[in-house]
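What follows is the content of run.pdb, which has PDB, C-alpha atoms:
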ATOM      1  CA  MET A 390      14.054  57.982 -42.114
ATOM      2  CA  SER A 391      13.459  60.950 -44.328
ATOM      3  CA  LYS A 392      10.685  62.165 -42.057
ATOM      4  CA  CYS A 393      13.095  62.688 -39.195
ATOM      5  CA  SER A 394      15.435  65.073 -40.958
ATOM      6  CA  ALA A 395      14.319  68.407 -42.221
ATOM      7  CA  PRO A 396      14.827  69.099 -45.907
ATOM      8  CA  ASP A 397      17.348  71.815 -46.623
ATOM      9  CA  ASN A 398      16.236  74.999 -48.320
ATOM     10  CA  GLN A 399      17.494  73.838 -51.689
ATOM     11  CA  GLU A 400      15.352  70.738 -51.514
ATOM     12  CA  LEU A 401      12.330  72.799 -50.538
ATOM     13  CA  ASP A 402      12.963  75.219 -53.391
ATOM     14  CA  ARG A 403      13.167  72.373 -55.864
ATOM     15  CA  GLY A 404       9.893  70.996 -54.561
ATOM     16  CA  PHE A 405       8.082  74.317 -54.699
ATOM     17  CA  GLN A 406       9.412  74.989 -58.197
ATOM     18  CA  ALA A 407       8.187  71.594 -59.319
ATOM     19  CA  LEU A 408       4.701  72.422 -58.051
ATOM     20  CA  ALA A 409       4.691  75.891 -59.629
ATOM     21  CA  ASP A 410       3.448  74.500 -62.923
ATOM     22  CA  ALA A 411      -0.163  73.587 -63.749
ATOM     23  CA  THR A 412       0.740  70.494 -65.772
ATOM     24  CA  ARG A 413       2.894  69.106 -62.999
ATOM     25  CA  ARG A 414       0.253  69.854 -60.358
ATOM     26  CA  ALA A 415      -2.276  68.003 -62.507
ATOM     27  CA  VAL A 416       0.084  65.024 -62.667
ATOM     28  CA  ILE A 417       0.419  65.057 -58.872
ATOM     29  CA  ALA A 418      -3.356  65.285 -58.504
ATOM     30  CA  ARG A 419      -3.814  62.302 -60.830
ATOM     31  CA  LEU A 420      -1.221  60.271 -58.929
ATOM     32  CA  THR A 421      -2.985  60.789 -55.604
ATOM     33  CA  ALA A 422      -5.568  58.383 -57.012
ATOM     34  CA  GLY A 423      -2.902  55.731 -57.564
ATOM     35  CA  GLU A 424       0.102  54.985 -59.702
ATOM     36  CA  ALA A 425      -0.130  55.420 -63.455
ATOM     37  CA  SER A 426       1.996  54.928 -66.534
ATOM     38  CA  VAL A 427       3.645  57.875 -68.265
ATOM     39  CA  ALA A 428       1.373  57.290 -71.248
ATOM     40  CA  GLU A 429      -1.749  57.400 -69.062
ATOM     41  CA  LEU A 430      -0.551  60.575 -67.402
ATOM     42  CA  ALA A 431       0.280  62.220 -70.713
ATOM     43  CA  GLY A 432      -3.132  61.367 -72.189
ATOM     44  CA  PRO A 433      -5.065  64.506 -71.128
ATOM     45  CA  PHE A 434      -2.338  66.908 -72.263
ATOM     46  CA  ASP A 435      -2.001  68.347 -75.704
ATOM     47  CA  MET A 436       1.770  68.236 -75.890
ATOM     48  CA  ALA A 437       4.523  66.118 -77.373
ATOM     49  CA  LEU A 438       5.483  63.127 -75.253
ATOM     50  CA  SER A 439       9.053  64.436 -75.056
ATOM     51  CA  SER A 440       7.794  67.711 -73.529
ATOM     52  CA  PHE A 441       5.614  65.796 -71.115
ATOM     53  CA  LEU A 442       8.553  63.625 -70.116
ATOM     54  CA  GLN A 443      10.450  66.743 -69.078
ATOM     55  CA  HIS A 444       7.687  67.526 -66.589
ATOM     56  CA  VAL A 445       7.923  63.987 -65.258
ATOM     57  CA  ARG A 446      11.689  64.384 -64.836
ATOM     58  CA  VAL A 447      11.261  67.651 -62.921
ATOM     59  CA  LEU A 448       8.839  65.970 -60.516
ATOM     60  CA  GLU A 449      11.174  63.011 -60.127
ATOM     61  CA  ALA A 450      14.217  65.253 -59.513
ATOM     62  CA  ALA A 451      12.242  67.032 -56.789
ATOM     63  CA  GLY A 452      11.536  63.669 -55.170
ATOM     64  CA  LEU A 453       7.785  64.163 -55.491
ATOM     65  CA  ILE A 454       7.346  61.087 -57.647
ATOM     66  CA  THR A 455       9.327  57.978 -58.415
ATOM     67  CA  THR A 456       9.209  56.092 -61.686
ATOM     68  CA  VAL A 457       9.934  52.450 -62.270
ATOM     69  CA  LYS A 458      10.041  50.478 -65.486
ATOM     70  CA  LYS A 459       7.639  47.547 -65.550
ATOM     71  CA  GLY A 460       8.244  45.629 -68.748
ATOM     72  CA  ARG A 461       7.851  48.175 -71.503
ATOM     73  CA  VAL A 462       5.834  50.587 -69.420
ATOM     74  CA  ARG A 463       7.219  53.296 -67.114
ATOM     75  CA  MET A 464       5.027  53.585 -64.036
ATOM     76  CA  CYS A 465       4.900  56.709 -61.858
ATOM     77  CA  ARG A 466       3.918  56.900 -58.246
ATOM     78  CA  LEU A 467       3.535  59.692 -55.758
ATOM     79  CA  GLU A 468       5.996  60.118 -52.889
ATOM     80  CA  ALA A 469       3.372  61.195 -50.389
ATOM     81  CA  GLU A 470       5.887  61.827 -47.585
ATOM     82  CA  ARG A 471       7.884  64.179 -49.746
ATOM     83  CA  LEU A 472       4.748  66.024 -50.724
ATOM     84  CA  ALA A 473       3.726  66.343 -47.095
ATOM     85  CA  VAL A 474       7.059  68.015 -46.352
ATOM     86  CA  LEU A 475       6.238  70.816 -48.773
ATOM     87  CA  GLU A 476       2.795  71.215 -47.421
ATOM     88  CA  GLY A 477       1.942  74.529 -45.918
ATOM     89  CA  TRP A 478       1.774  74.889 -42.205
ATOM     90  CA  ILE A 479       4.885  73.200 -40.835
ATOM     91  CA  SER A 480       7.084  74.787 -43.487
ATOM     92  CA  ARG A 481       5.728  78.221 -42.583
ATOM     93  CA  TYR A 482       6.097  77.528 -38.879
ATOM     94  CA  GLU A 483       9.714  76.456 -39.287
ATOM     95  CA  ALA A 484      10.453  79.402 -41.567
ATOM     96  CA  ALA A 485       9.083  81.683 -38.835
ATOM     97  CA  TRP A 486      11.500  80.121 -36.353
ATOM     98  CA  HIS A 487      14.422  80.723 -38.711
ATOM     99  CA  SER A 488      13.438  84.410 -38.863
ATOM    100  CA  ARG A 489      12.979  84.585 -35.102
ATOM    101  CA  LEU A 490      16.463  83.269 -34.407
ATOM    102  CA  ASP A 491      17.932  85.728 -36.914
ATOM    103  CA  ARG A 492      16.073  88.549 -35.176
ATOM    104  CA  LEU A 493      17.307  87.297 -31.822
ATOM    105  CA  GLY A 494      20.851  87.516 -33.204
ATOM    106  CA  GLN A 495      20.267  91.093 -34.348
ATOM    107  CA  MET A 496      18.864  92.013 -30.962
ATOM    108  CA  LEU A 497      21.841  90.513 -29.135
ATOM    109  CA  GLU A 498      24.237  92.394 -31.403
ATOM    110  CA  THR A 499      22.613  95.765 -30.858
ATOM    111  CA  LYS A 500      22.236  95.475 -27.092
ATOM    112  CA  GLY A 501      25.940  95.687 -26.356
ATOM    113  CA  ASP A 502      27.813  93.569 -23.829
ATOM    114  CA  THR A 503      25.770  94.124 -20.730
ATOM    115  CA  GLN A 504      22.445  92.673 -19.800
TER     116      GLN A 504
ATOM    117  CA  MET B1048     -14.101  69.557 -38.474
ATOM    118  CA  SER B1049     -12.505  66.158 -38.182
ATOM    119  CA  HIS B1050      -8.742  65.772 -38.262
ATOM    120  CA  LYS B1051      -8.220  64.427 -41.736
ATOM    121  CA  THR B1052      -4.510  64.912 -41.839
ATOM    122  CA  MET B1053      -1.705  65.062 -39.342
ATOM    123  CA  VAL B1054       1.891  65.772 -40.281
ATOM    124  CA  HIS B1055       4.828  65.274 -37.916
ATOM    125  CA  ARG B1056       8.239  66.741 -38.353
ATOM    126  CA  THR B1057      11.377  67.220 -36.284
ATOM    127  CA  THR B1058      13.770  70.002 -37.221
ATOM    128  CA  THR B1059      16.903  71.275 -35.543
ATOM    129  CA  LEU B1060      17.984  74.877 -36.011
ATOM    130  CA  GLU B1061      21.392  76.124 -34.935
ATOM    131  CA  ARG B1062      22.797  79.608 -34.560
ATOM    132  CA  THR B1063      26.021  80.934 -33.122
ATOM    133  CA  TYR B1064      25.824  84.274 -31.362
ATOM    134  CA  ALA B1065      28.629  86.478 -30.063
ATOM    135  CA  ALA B1066      26.598  87.048 -26.877
ATOM    136  CA  SER B1067      27.221  84.881 -23.820
ATOM    137  CA  PRO B1068      24.807  82.080 -22.840
ATOM    138  CA  GLN B1069      23.655  84.330 -19.970
ATOM    139  CA  ARG B1070      22.667  87.150 -22.320
ATOM    140  CA  THR B1071      21.145  84.815 -24.882
ATOM    141  CA  PHE B1072      19.129  83.049 -22.189
ATOM    142  CA  HIS B1073      18.015  86.411 -20.823
ATOM    143  CA  ALA B1074      16.499  87.285 -24.204
ATOM    144  CA  TRP B1075      14.281  84.190 -23.864
ATOM    145  CA  GLU B1076      13.483  84.822 -20.216
ATOM    146  CA  ASN B1077      12.515  88.476 -20.602
ATOM    147  CA  PRO B1078       8.926  88.805 -21.913
ATOM    148  CA  GLU B1079       9.500  92.142 -23.637
ATOM    149  CA  MET B1080      12.602  90.881 -25.436
ATOM    150  CA  ARG B1081      10.788  87.641 -26.283
ATOM    151  CA  ARG B1082       7.919  89.680 -27.714
ATOM    152  CA  ILE B1083      10.244  91.591 -30.035
ATOM    153  CA  TRP B1084      12.475  88.841 -31.426
ATOM    154  CA  GLY B1085       9.599  86.353 -31.354
ATOM    155  CA  SER B1086       7.911  88.060 -34.255
ATOM    156  CA  PRO B1087       8.725  86.384 -37.558
ATOM    157  CA  SER B1088       8.742  89.679 -39.464
ATOM    158  CA  ASP B1089       8.253  93.429 -39.170
ATOM    159  CA  GLN B1090       4.698  92.964 -40.463
ATOM    160  CA  VAL B1091       3.716  90.842 -37.472
ATOM    161  CA  GLU B1092       3.362  92.448 -34.070
ATOM    162  CA  ILE B1093       3.176  90.261 -31.001
ATOM    163  CA  ARG B1094       1.092  91.153 -27.978
ATOM    164  CA  ASN B1095       1.882  89.475 -24.668
ATOM    165  CA  ASP B1096      -1.417  88.513 -23.031
ATOM    166  CA  ALA B1097       0.298  86.474 -20.334
ATOM    167  CA  ALA B1098       3.934  85.850 -19.493
ATOM    168  CA  ASP B1099       5.017  83.469 -16.755
ATOM    169  CA  PHE B1100       8.540  82.181 -17.296
ATOM    170  CA  ARG B1101       8.801  79.339 -14.794
ATOM    171  CA  VAL B1102       8.209  75.604 -14.887
ATOM    172  CA  GLY B1103       4.460  75.111 -15.270
ATOM    173  CA  GLY B1104       3.996  78.755 -16.220
ATOM    174  CA  GLU B1105       2.010  79.851 -19.236
ATOM    175  CA  ASP B1106       2.721  82.380 -21.973
ATOM    176  CA  ILE B1107      -0.102  83.644 -24.148
ATOM    177  CA  GLN B1108       0.796  85.666 -27.207
ATOM    178  CA  THR B1109      -1.432  87.109 -29.899
ATOM    179  CA  CYS B1110       0.009  87.746 -33.357
ATOM    180  CA  LEU B1111      -1.326  90.932 -34.920
ATOM    181  CA  VAL B1112      -1.121  92.033 -38.535
ATOM    182  CA  GLU B1113      -2.095  95.681 -38.973
ATOM    183  CA  GLY B1114      -3.698  95.501 -35.554
ATOM    184  CA  HIS B1115      -5.844  92.477 -36.383
ATOM    185  CA  PRO B1116      -5.283  89.225 -34.499
ATOM    186  CA  VAL B1117      -4.301  86.421 -36.877
ATOM    187  CA  ALA B1118      -3.136  83.742 -34.443
ATOM    188  CA  THR B1119      -2.691  82.936 -30.775
ATOM    189  CA  VAL B1120       0.171  80.991 -29.249
ATOM    190  CA  HIS B1121      -0.179  79.287 -25.877
ATOM    191  CA  GLY B1122       3.184  78.315 -24.412
ATOM    192  CA  ARG B1123       3.797  76.154 -21.354
ATOM    193  CA  TYR B1124       7.229  75.790 -19.768
ATOM    194  CA  HIS B1125       8.248  72.287 -18.760
ATOM    195  CA  ASP B1126      11.943  72.507 -17.975
ATOM    196  CA  ILE B1127      14.143  75.506 -17.294
ATOM    197  CA  VAL B1128      17.855  75.321 -16.484
ATOM    198  CA  PRO B1129      19.144  78.908 -16.253
ATOM    199  CA  ASP B1130      21.619  79.824 -19.011
ATOM    200  CA  ALA B1131      21.535  76.263 -20.312
ATOM    201  CA  ARG B1132      18.147  74.850 -21.339
ATOM    202  CA  ILE B1133      14.478  75.640 -21.902
ATOM    203  CA  VAL B1134      11.875  73.053 -22.865
ATOM    204  CA  TYR B1135       8.345  74.172 -23.586
ATOM    205  CA  THR B1136       5.336  73.422 -25.696
ATOM    206  CA  GLU B1137       3.524  75.906 -27.853
ATOM    207  CA  VAL B1138       0.059  75.470 -29.300
ATOM    208  CA  ILE B1139      -0.884  77.620 -32.263
ATOM    209  CA  ARG B1140      -4.453  78.502 -33.096
ATOM    210  CA  ASP B1141      -5.882  80.547 -35.909
ATOM    211  CA  ASP B1142      -9.180  81.917 -34.565
ATOM    212  CA  ALA B1143     -10.380  78.990 -32.541
ATOM    213  CA  GLN B1144      -9.044  76.444 -35.005
ATOM    214  CA  LEU B1145      -6.039  74.391 -33.894
ATOM    215  CA  GLN B1146      -3.258  74.681 -36.486
ATOM    216  CA  GLY B1147      -0.488  72.805 -34.825
ATOM    217  CA  MET B1148       1.723  72.427 -31.827
ATOM    218  CA  SER B1149       5.382  72.017 -31.118
ATOM    219  CA  LEU B1150       7.686  70.750 -28.404
ATOM    220  CA  VAL B1151      10.484  73.312 -28.418
ATOM    221  CA  SER B1152      13.843  72.451 -26.827
ATOM    222  CA  ALA B1153      16.403  75.222 -26.670
ATOM    223  CA  GLU B1154      19.991  74.477 -25.607
ATOM    224  CA  PHE B1155      22.399  77.295 -24.798
ATOM    225  CA  ILE B1156      25.929  76.003 -25.247
ATOM    226  CA  ALA B1157      28.952  78.138 -24.371
ATOM    227  CA  GLU B1158      31.341  78.430 -27.268
ATOM    228  CA  GLY B1159      34.321  80.655 -26.608
ATOM    229  CA  THR B1160      32.782  83.852 -25.267
ATOM    230  CA  GLY B1161      29.656  83.310 -27.344
ATOM    231  CA  THR B1162      26.756  80.888 -27.527
ATOM    232  CA  ARG B1163      25.773  78.091 -29.805
ATOM    233  CA  LEU B1164      21.988  77.941 -29.664
ATOM    234  CA  VAL B1165      20.406  74.656 -30.699
ATOM    235  CA  VAL B1166      16.630  74.723 -31.072
ATOM    236  CA  THR B1167      14.797  71.492 -31.813
ATOM    237  CA  LEU B1168      11.191  71.720 -32.974
ATOM    238  CA  GLN B1169       9.064  68.588 -32.781
ATOM    239  CA  THR B1170       5.974  69.729 -34.577
ATOM    240  CA  ILE B1171       2.539  68.390 -35.412
ATOM    241  CA  ALA B1172       0.368  70.127 -37.984
ATOM    242  CA  VAL B1173      -3.293  69.200 -38.025
ATOM    243  CA  ASP B1174      -5.817  69.787 -40.750
ATOM    244  CA  GLY B1175      -6.020  73.194 -42.333
ATOM    245  CA  SER B1176      -2.624  72.585 -43.872
ATOM    246  CA  GLU B1177      -2.930  74.237 -47.203
ATOM    247  CA  LEU B1178      -2.120  71.742 -49.822
ATOM    248  CA  LEU B1179      -2.519  73.064 -53.305
ATOM    249  CA  ALA B1180      -6.225  72.788 -54.028
ATOM    250  CA  GLU B1181      -5.876  70.188 -56.747
ATOM    251  CA  VAL B1182      -3.787  68.006 -54.537
ATOM    252  CA  GLU B1183      -6.000  68.242 -51.504
ATOM    253  CA  ILE B1184      -8.878  66.465 -53.218
ATOM    254  CA  GLY B1185      -6.857  63.319 -53.625
ATOM    255  CA  TRP B1186      -5.009  63.458 -50.338
ATOM    256  CA  ILE B1187      -7.058  61.050 -48.286
ATOM    257  CA  SER B1188      -7.135  58.387 -50.944
ATOM    258  CA  ALA B1189      -3.384  58.815 -51.388
ATOM    259  CA  LEU B1190      -2.838  58.050 -47.708
ATOM    260  CA  ASP B1191      -5.225  55.116 -47.885
ATOM    261  CA  ARG B1192      -3.260  53.730 -50.771
ATOM    262  CA  LEU B1193       0.132  54.350 -49.283
ATOM    263  CA  GLY B1194       0.156  51.180 -47.228
ATOM    264  CA  ALA B1195      -0.647  49.115 -50.285
ATOM    265  CA  LEU B1196       2.138  50.764 -52.238
ATOM    266  CA  PHE B1197       4.673  49.948 -49.545
ATOM    267  CA  VAL B1198       3.585  46.309 -49.480
ATOM    268  CA  GLU B1199       3.988  46.160 -53.214
ATOM    269  CA  ALA B1200       7.406  47.834 -53.227
TER     270      ALA B1200
END
Transcribe the structure of this file into structure tokens.
Amino acid sequence: MSKCSAPDNQELDRGFQALADATRRAVIARLTAGEASVAELAGPFDMALSSFLQHVRVLEAAGLITTVKKGRVRMCRLEAERLAVLEGWISRYEAAWHSRLDRLGQMLETKGDTQ
Amino acid sequence: MSHKTMVHRTTTLERTYAASPQRTFHAWENPEMRRIWGSPSDQVEIRNDAADFRVGGEDIQTCLVEGHPVATVHGRYHDIVPDARIVYTEVIRDDAQLQGMSLVSAEFIAEGTGTRLVVTLQTIAVDGSELLAEVEIGWISALDRLGALFVEA
């Protein structure tokens, strides 16, 4: 299960980059209320559909949403688990542990061979 | 504040150090050494309020930024095998508010003259987790709907 393995840094970066844009955050916010078609999602935005589709692709590539074709309509849904992975506290906590273990390594290097 | 959200995650971190398992273990056992490497960055200073490295013993650490406390960590040791294994829990609070807790398992494995350190974090974050503001509004309904989505899929 995806929950049981930590995302690598590259995956996290992709996720954070995807959320670093107001349009894409608005899409995520809309999808928390339930799945929606690309056309429905694009509705509030004053941009060409092709530009909007690029935002959808970025979110999909980051694993934050999935899209599926239903007849002639492409439906988007939120990947809530993936979003939770990017969410603040645990990511910060784990990042702190990465730093700690690096600092431990530095300490062990500088203390020489004796205890 | 009720616990609206809870997130679980298990992560394994690995490092290889030139130091022996004895020396690496000592850096975890010694409170002063633990205080220094236990800080995530130079901006965070850790104060040891209690240090009791034995099974059942409790560590209390306060994280200070520019002298101001920003978080407390209560650790409790559950299993200690010298030079080989430490299992403990740590509970992290920001003011009085619970942020999260973790079951930390550290394995010290001899590799040549050095050590492979394997740290597994089994973490729970509760509430307070800072989702982007726009997302947070819809979070609860998203979870409510998740079950339905899985049925449909």
For region 482-492 of chain A: contacts at 7 Å, all atoms listed in the file, fewer than 3 positions along chain excluded, given as a list in words: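 With the cut-off at 7 Å, the set is Trp478, Ile479, Gln495 and Met496 of chain A; Trp1084, Gly1085, Ser1086 and Pro1087 of chain B.
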Mind pulling up the distance from CA of Gly404 (chain A) to CA of Thr1063 (chain B)?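 It comes out at 28.6 Å.
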Just checking: using all atoms listed in the file, which residue out of B:Ile1171, B:Ile1133, B:Leu1111, B:Ala1143 ends up closest to chain A? B:Ile1171
Take the PyMOL selection byres ((chain B and resi 1064) around 7), run it mentally on this structure, and tell me the resulting residues as a list in words.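 Residues picked by the PyMOL selection byres ((chain B and resi 1064) around 7): Gly494 of chain A; Arg1062, Thr1063, Ala1065, Ala1066, Gly1161, Thr1162 and Arg1163 of chain B.
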Quick check on the file I pasted: which residues fall under the PyMOL selection byres ((chain A and resi 445-451) around 12)? Write them as a CSV table (one decimal) with C-alpha atoms, keeping the file's coordinate frame.
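So expr-v5.csv came out as:
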chain,number,residue,atom,x,y,z
A,396,PRO,CA,14.8,69.1,-45.9
A,399,GLN,CA,17.5,73.8,-51.7
A,400,GLU,CA,15.4,70.7,-51.5
A,401,LEU,CA,12.3,72.8,-50.5
A,402,ASP,CA,13.0,75.2,-53.4
A,403,ARG,CA,13.2,72.4,-55.9
A,404,GLY,CA,9.9,71.0,-54.6
A,405,PHE,CA,8.1,74.3,-54.7
A,406,GLN,CA,9.4,75.0,-58.2
A,407,ALA,CA,8.2,71.6,-59.3
A,408,LEU,CA,4.7,72.4,-58.1
A,409,ALA,CA,4.7,75.9,-59.6
A,410,ASP,CA,3.4,74.5,-62.9
A,412,THR,CA,0.7,70.5,-65.8
A,413,ARG,CA,2.9,69.1,-63.0
A,414,ARG,CA,0.3,69.9,-60.4
A,415,ALA,CA,-2.3,68.0,-62.5
A,416,VAL,CA,0.1,65.0,-62.7
A,417,ILE,CA,0.4,65.1,-58.9
A,420,LEU,CA,-1.2,60.3,-58.9
A,425,ALA,CA,-0.1,55.4,-63.5
A,426,SER,CA,2.0,54.9,-66.5
A,427,VAL,CA,3.6,57.9,-68.3
A,428,ALA,CA,1.4,57.3,-71.2
A,430,LEU,CA,-0.6,60.6,-67.4
A,431,ALA,CA,0.3,62.2,-70.7
A,438,LEU,CA,5.5,63.1,-75.3
A,439,SER,CA,9.1,64.4,-75.1
A,440,SER,CA,7.8,67.7,-73.5
A,441,PHE,CA,5.6,65.8,-71.1
A,442,LEU,CA,8.6,63.6,-70.1
A,443,GLN,CA,10.4,66.7,-69.1
A,444,HIS,CA,7.7,67.5,-66.6
A,452,GLY,CA,11.5,63.7,-55.2
A,453,LEU,CA,7.8,64.2,-55.5
A,454,ILE,CA,7.3,61.1,-57.6
A,455,THR,CA,9.3,58.0,-58.4
A,456,THR,CA,9.2,56.1,-61.7
A,457,VAL,CA,9.9,52.4,-62.3
A,463,ARG,CA,7.2,53.3,-67.1
A,464,MET,CA,5.0,53.6,-64.0
A,465,CYS,CA,4.9,56.7,-61.9
A,466,ARG,CA,3.9,56.9,-58.2
A,467,LEU,CA,3.5,59.7,-55.8
A,468,GLU,CA,6.0,60.1,-52.9
A,471,ARG,CA,7.9,64.2,-49.7
A,472,LEU,CA,4.7,66.0,-50.7
A,474,VAL,CA,7.1,68.0,-46.4
A,475,LEU,CA,6.2,70.8,-48.8
Residue nearest chain A - candidates B:Ala1153, B:Val1165, B:Val1102, B:Ala1172, atoms counted: only C-alpha atoms: B:Ala1172
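With all atoms listed in the file taken into account, the protein and nucleic acid residues at most 10 Å from Ile1139 (chain B) (excluding it and anything under 5 positions from it in its own chain) are Tyr482 of chain A; Gln1108, Thr1109, Ala1118, Thr1119, Val1120, His1121, Gly1122, Gln1144, Leu1145, Gln1146, Gly1147, Met1148, Ser1149 and Ala1172 of chain B.
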Can you tell me how far CA of Gln1069 (chain B) sits from CA of Pro1129 (chain B), in Å to one decimal? 8.0 Å
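Reported to one decimal place, the separation of CA of Thr1058 (chain B) from CA of Leu1168 (chain B) is 5.3 Å.
For the point (0.0, 91.6, -41.4), the residues with at least one atom inside 7 Å, counting all atoms listed in the file, are Gln1090, Val1091, Leu1111, Val1112 and Glu1113 of chain B.
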Same residues, C-alpha atoms, saved as a CSV table (one decimal), keeping the file's coordinate frame:
chain,number,residue,atom,x,y,z
B,1090,GLN,CA,4.7,93.0,-40.5
B,1091,VAL,CA,3.7,90.8,-37.5
B,1111,LEU,CA,-1.3,90.9,-34.9
B,1112,VAL,CA,-1.1,92.0,-38.5
B,1113,GLU,CA,-2.1,95.7,-39.0
Counting all atoms listed in the file, closest pick from B:Ser1088, B:Asp1142, B:Val1117, B:Phe1072 relative to chain A is B:Ser1088
Please determine, counting all atoms listed in the file, which residue among A:Asp435, A:Ser480, A:Thr499, A:Leu493 has the shortest atom-to-atom distance to chain B.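 Comparing A:Asp435, A:Ser480, A:Thr499, A:Leu493 against chain B, the winner is A:Leu493.
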Have a look at A:Gly423, A:Val462, A:Gly432, A:Ala437 and name the one nearest to chain B; count all atoms listed in the file.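 For chain B, the nearest of the candidates is A:Gly423.
Distance annotation: of B:Ile1156, B:Ile1093, B:Leu1164, B:Val1134, the residue with the minimal separation from chain A is B:Leu1164; atom set is all atoms listed in the file.
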